[in-house]
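Structure, as C-alpha cells:
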Amino acid sequence: MTELSLSLDAPAADLLAELKETDDAVSYGDVSHGSVGVEGESLLEIARRTDDAKEILIRLAMAGFYVYRKTEDSTRLVRDHTIAKLWHRVKEGDYSVNSEGLIYSYSPPLSPTPVPKLLVIFSSMSTSIYNTSMMRYFEQNFKSAQKYIPHDTAVLRIADIGGVVGAFYLNTYRNPNNVQRIQRLLSDVMIQYSIPTSNVVLYGASKGGTAALFHGMTGGYKFISVDPIVSDNYYVTRFRDSHFTQGGIFERTKDEVFAELVSNKLRYTSFGARNKAEGSVIFSQRSPQYSAITSTLVEHLAHRYAFFDSINPGINDHPDVSPKTLNIATMLMNQFFLDEDLAPGLRTTM
C-alpha cells in the first residue's frame, strides 16, 4: 500500500485501528469527508468543530501525516519523510533540506564578509492558521529584515513542520529529538559559514517567540522573543485547543517545558545580577499572554534578561504585539549585533 485512504463516514474507532496498522513506508494519505463537511472545507476546519475528526487529524499527525491540499470533498496528506520530494519550493531550490529532514532557507549577507553575522527567524503561526498549504508551517515573518540590520548579516529561516499547525520547534511524539535536530542545524550553519556564537541572534514572535526563547536559552544564543507562548492554557480553554496541543502530539505541556528550562537555568548558572542581558523578551500587559510570561519568566529571570512591557494602545490582543513592537525588536537586533550593552531588568515602553 502506497497511500492510506480513510473516510469520515466510518466509525472513528475503525479509522484509528486502520491508521495504527499503517506501514511507515506509506507516503500519502487521503481522507474523504463529503458527507460530514461543508463543501470546500478541509479536514483542518472540520476538526475544529467535531471531536471525532479532531482525534483522527491528531492521530494522523502523530503518525507523521500532514495536510497539504484539499479537494472538493477530501483532504490530502503527505508523510514527513516525503515532504521534500513533494514541496515545489524544495524541489526548485528555494528551500534546502538537511540530512535530518529539516527544511530551511539561508539568505547570504547583502555585503559579503569573511566573518558574517546570523539572524535566525522562527515562524509564527500562519496568518491563515488552518490553510492547507505546507506554508502554514513556514510563515515568512519580517521579510525585509536584512534592510534594517547590519549588511554583513545572513538570515536563516527554519520551517516548523510537525503537529497540526506547527510543533513550536519543540519535541513531539513523532519527533522526540526535534530540539536536538534544530540545535544541530544551527551549529552546522555556523560551522559552514564560519559564524561565531557571539554573532548569532535568534528572533521570533508568538510561536516563533516560543522557539527563540527556548533555543536561545538552551543553546546559549542571544535572542529576541516577542510575546512567546509559554503556556497553552489560554488557547485550550478559550478557543477549544485551537493550536491542537492536546491529545498526544506533545508529550509535555509548555508549562512543564518552561518550568524545567527556567529551573535548570537558575540551578546550573550563577545567580548574581548581570550588567549585560543575554537575551530579551518583548511582551505586553495588553496581551492575554501577559500573566503566563510574567509568572514563568519575569519573576525568575529579570536579573538575567531584558524584558520590555509594551503599553502601545494599538495592542488589543496577542497577534498585535509583534507588528506594534517591531521597532523595539529591530533596535534590539542591532544592539545585539553591534555588541552594545543592554542591561537586564523590566522596562515599560510604548
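Residues in the C-alpha cells are numbered from 1 in each chain, the chains being A, B, ... in the order shown, and ligands are numbered from 1 in the order shown.
Every protein or nucleic acid residue with an atom no more than 9 Å from range 20-24 of chain A, counting only C-alpha atoms and leaving out same-chain residues fewer than 5 positions away, appears here: A:Met1, A:Leu4, A:Leu15, A:Arg59, A:Ala63, A:Gly64, A:Arg79.
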_So that I can check the surroundings of Ser287 in chain A, please list as a list in words every protein, DNA and RNA residue that reaches within 8 Å of it, counting only C-alpha atoms and ignoring chain neighbours fewer than 3 positions away._
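Counting only the stated atoms, we get Phe283, Ser284, Tyr290, Ile315, Asn316, Asp317, His318 and Val321 of chain A.
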*Using backbone DSSP assignments, extract all strand (DSSP E or B) residues from range 97-226 of chain A; output them as a list in words.*
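Filtering range 97-226 of chain A down to strand (DSSP E or B) leaves Val97, Ile103, Tyr104, Ser105, Tyr106, Ser107, Lys117, Leu118, Leu119, Val120, Ile121, Phe122, Thr153, Ala154, Val155, Leu156, Arg157, Ile158, Val200, Val201, Leu202, Tyr203, Gly204, Ala205, Lys222, Phe223, Ile224, Ser225 and Val226 of chain A.
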*Show which residues sit within 10 Å of range 139-148 of chain A, as a VMD selection string. Count only C-alpha atoms, and ignore same-chain residues fewer than 5 positions away.*
chain A and resid 107 to 110 119 121 to 129 134 153 to 155 157 to 160 203 to 205 208 322 to 323 326 330 to 331 333 to 334
Selection from above, N, CA and C atoms, as a compact mmCIF listing (two decimals), in the first residue's frame, can you write it?
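Produced file part_18.txt, reproduced below:
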```txt
# COMPACT_ATOMS: atom_id res chain seq x y z
N SER A 107 19.69 33.03 3.49
CA SER A 107 19.94 34.21 2.64
C SER A 107 21.28 34.80 3.03
N PRO A 108 22.25 34.85 2.12
CA PRO A 108 23.58 35.36 2.47
C PRO A 108 23.54 36.85 2.79
N PRO A 109 24.57 37.37 3.42
CA PRO A 109 24.62 38.81 3.74
C PRO A 109 24.52 39.66 2.48
N LEU A 110 23.94 40.84 2.61
CA LEU A 110 23.87 41.76 1.48
C LEU A 110 25.27 42.23 1.09
N LEU A 119 21.13 36.14 11.63
CA LEU A 119 19.83 36.30 12.26
C LEU A 119 19.00 35.06 11.94
N ILE A 121 15.38 33.39 12.10
CA ILE A 121 13.98 33.78 12.26
C ILE A 121 13.11 32.53 12.34
N PHE A 122 12.43 32.37 13.46
CA PHE A 122 11.49 31.27 13.65
C PHE A 122 10.08 31.74 13.31
N SER A 123 9.31 30.90 12.66
CA SER A 123 8.00 31.29 12.15
C SER A 123 6.92 31.35 13.22
N SER A 124 6.06 32.35 13.11
CA SER A 124 4.87 32.43 13.94
C SER A 124 3.81 31.49 13.35
N MET A 125 2.64 31.46 13.98
CA MET A 125 1.51 30.78 13.35
C MET A 125 1.23 31.45 12.01
N SER A 126 0.72 30.67 11.08
CA SER A 126 0.36 31.22 9.77
C SER A 126 -0.74 32.25 9.93
N THR A 127 -0.71 33.26 9.07
CA THR A 127 -1.78 34.26 9.06
C THR A 127 -3.13 33.60 8.87
N SER A 128 -3.18 32.60 7.99
CA SER A 128 -4.37 31.76 7.81
C SER A 128 -4.06 30.42 8.47
N ILE A 129 -4.34 30.32 9.75
CA ILE A 129 -3.83 29.23 10.55
C ILE A 129 -4.27 27.85 10.07
N MET A 134 1.47 23.75 2.77
CA MET A 134 2.59 23.47 3.67
C MET A 134 3.21 24.75 4.22
N THR A 153 25.00 40.59 7.66
CA THR A 153 24.19 39.60 8.39
C THR A 153 23.42 38.71 7.42
N ALA A 154 23.61 37.39 7.58
CA ALA A 154 22.82 36.41 6.85
C ALA A 154 21.53 36.12 7.63
N VAL A 155 20.55 35.55 6.94
CA VAL A 155 19.28 35.20 7.59
C VAL A 155 18.98 33.73 7.36
N ARG A 157 16.09 30.88 8.06
CA ARG A 157 14.69 30.61 8.44
C ARG A 157 14.50 29.10 8.47
N ILE A 158 13.82 28.62 9.50
CA ILE A 158 13.63 27.18 9.66
C ILE A 158 12.13 26.89 9.70
N ALA A 159 11.69 25.95 8.87
CA ALA A 159 10.28 25.55 8.87
C ALA A 159 9.96 24.77 10.14
N ASP A 160 8.74 24.93 10.62
CA ASP A 160 8.30 24.29 11.86
C ASP A 160 7.32 23.17 11.55
N TYR A 203 15.38 35.24 16.61
CA TYR A 203 14.22 36.12 16.66
C TYR A 203 12.96 35.36 16.29
N GLY A 204 11.87 35.67 16.97
CA GLY A 204 10.59 35.09 16.60
C GLY A 204 9.48 35.72 17.41
N ALA A 205 8.26 35.62 16.88
CA ALA A 205 7.08 36.17 17.56
C ALA A 205 6.04 35.08 17.72
N GLY A 208 6.92 31.53 17.07
CA GLY A 208 8.34 31.75 16.82
C GLY A 208 9.04 32.34 18.02
N SER A 322 3.48 41.72 18.01
CA SER A 322 4.63 41.72 17.10
C SER A 322 4.66 42.93 16.16
N PRO A 323 3.59 43.21 15.40
CA PRO A 323 3.67 44.38 14.49
C PRO A 323 3.79 45.71 15.22
N LEU A 326 7.62 46.05 16.45
CA LEU A 326 8.70 45.70 15.53
C LEU A 326 9.86 46.68 15.62
N THR A 330 13.66 45.51 16.23
CA THR A 330 14.74 45.90 15.30
C THR A 330 15.86 46.61 16.05
N MET A 331 15.51 47.47 16.99
CA MET A 331 16.52 48.13 17.81
C MET A 331 17.36 47.10 18.55
N MET A 333 17.84 43.90 17.79
CA MET A 333 18.68 43.15 16.86
C MET A 333 19.99 43.88 16.62
N ASN A 334 19.89 45.16 16.31
CA ASN A 334 21.09 45.94 16.04
C ASN A 334 21.96 46.08 17.28
```
*Using only C-alpha atoms, which of A:Ser32, A:Asp51, A:Leu16, A:Pro116 sits nearest Arg240 in chain A?*
A:Asp51
*Long-range neighbours of Leu185 in chain A as a ChimeraX atom specification, 9 Å cut-off, only C-alpha atoms, 6 positions minimum in chain*: /A:98,100,102
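With only C-alpha atoms as the atoms that count, the minimum distance from Tyr221 in chain A to the choices A:Leu57, A:Leu297, A:Val201, A:Ser7 is reached by A:Val201.
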*Give the answer as one residue: which of A:Lys324, A:His303, A:Lys117, A:His33 has the shortest atom-to-atom distance to Asp227 in chain A, using only C-alpha atoms?*
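The closest residue to Asp227 in chain A is A:Lys324.
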*Non-local contacts of Ser42 in chain A (8 Å; only C-alpha atoms; under 2 positions in same chain excluded) as a ChimeraX atom specification*: /A:37,40,44-46,70-71,73-75,132
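Considering only C-alpha atoms, the residue among A:Ile311, A:Leu261, A:Val120, A:Ile328 positioned nearest to Thr348 in chain A is A:Ile311.
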*asked:* Just want the 8 Å neighbourhood of Ile161 in chain A, counted on only C-alpha atoms, with same-chain residues fewer than 3 positions away dropped. Output as a ChimeraX atom specification.
replied: /A:137-138,166-167
*asked:* Need the shell around Ala329 in chain A: protein/DNA/RNA residues with any atom at most 8 Å away, counting only C-alpha atoms. Skip same-chain ones fewer than 3 positions apart. Format as number ranges by chain?
replied: A: 224, 226, 282, 325-326, 332-333
Selection export as a short mmCIF file (atom, residue, chain, number, x, y, z; two decimals), in the first residue's frame, atoms kept: N, CA and C atoms:
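So the final result, stored in out-v5.cif, reads:
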```cif
data_model
loop_
_atom_site.label_atom_id
_atom_site.label_comp_id
_atom_site.auth_asym_id
_atom_site.auth_seq_id
_atom_site.Cartn_x
_atom_site.Cartn_y
_atom_site.Cartn_z
N ILE A 224 15.70 37.49 20.75
CA ILE A 224 14.61 38.45 20.91
C ILE A 224 13.32 37.66 20.73
N VAL A 226 9.28 37.62 21.07
CA VAL A 226 8.15 38.55 21.12
C VAL A 226 6.87 37.81 21.51
N ILE A 282 9.99 40.70 24.52
CA ILE A 282 9.04 41.80 24.35
C ILE A 282 7.64 41.23 24.56
N THR A 325 5.39 46.27 17.97
CA THR A 325 6.68 46.41 18.67
C THR A 325 7.86 46.08 17.77
N LEU A 326 7.62 46.05 16.45
CA LEU A 326 8.70 45.70 15.53
C LEU A 326 9.86 46.68 15.62
N LEU A 332 16.70 46.09 19.12
CA LEU A 332 17.42 45.08 19.89
C LEU A 332 18.31 44.21 19.00
N MET A 333 17.84 43.90 17.79
CA MET A 333 18.68 43.15 16.86
C MET A 333 19.99 43.88 16.62
#
```
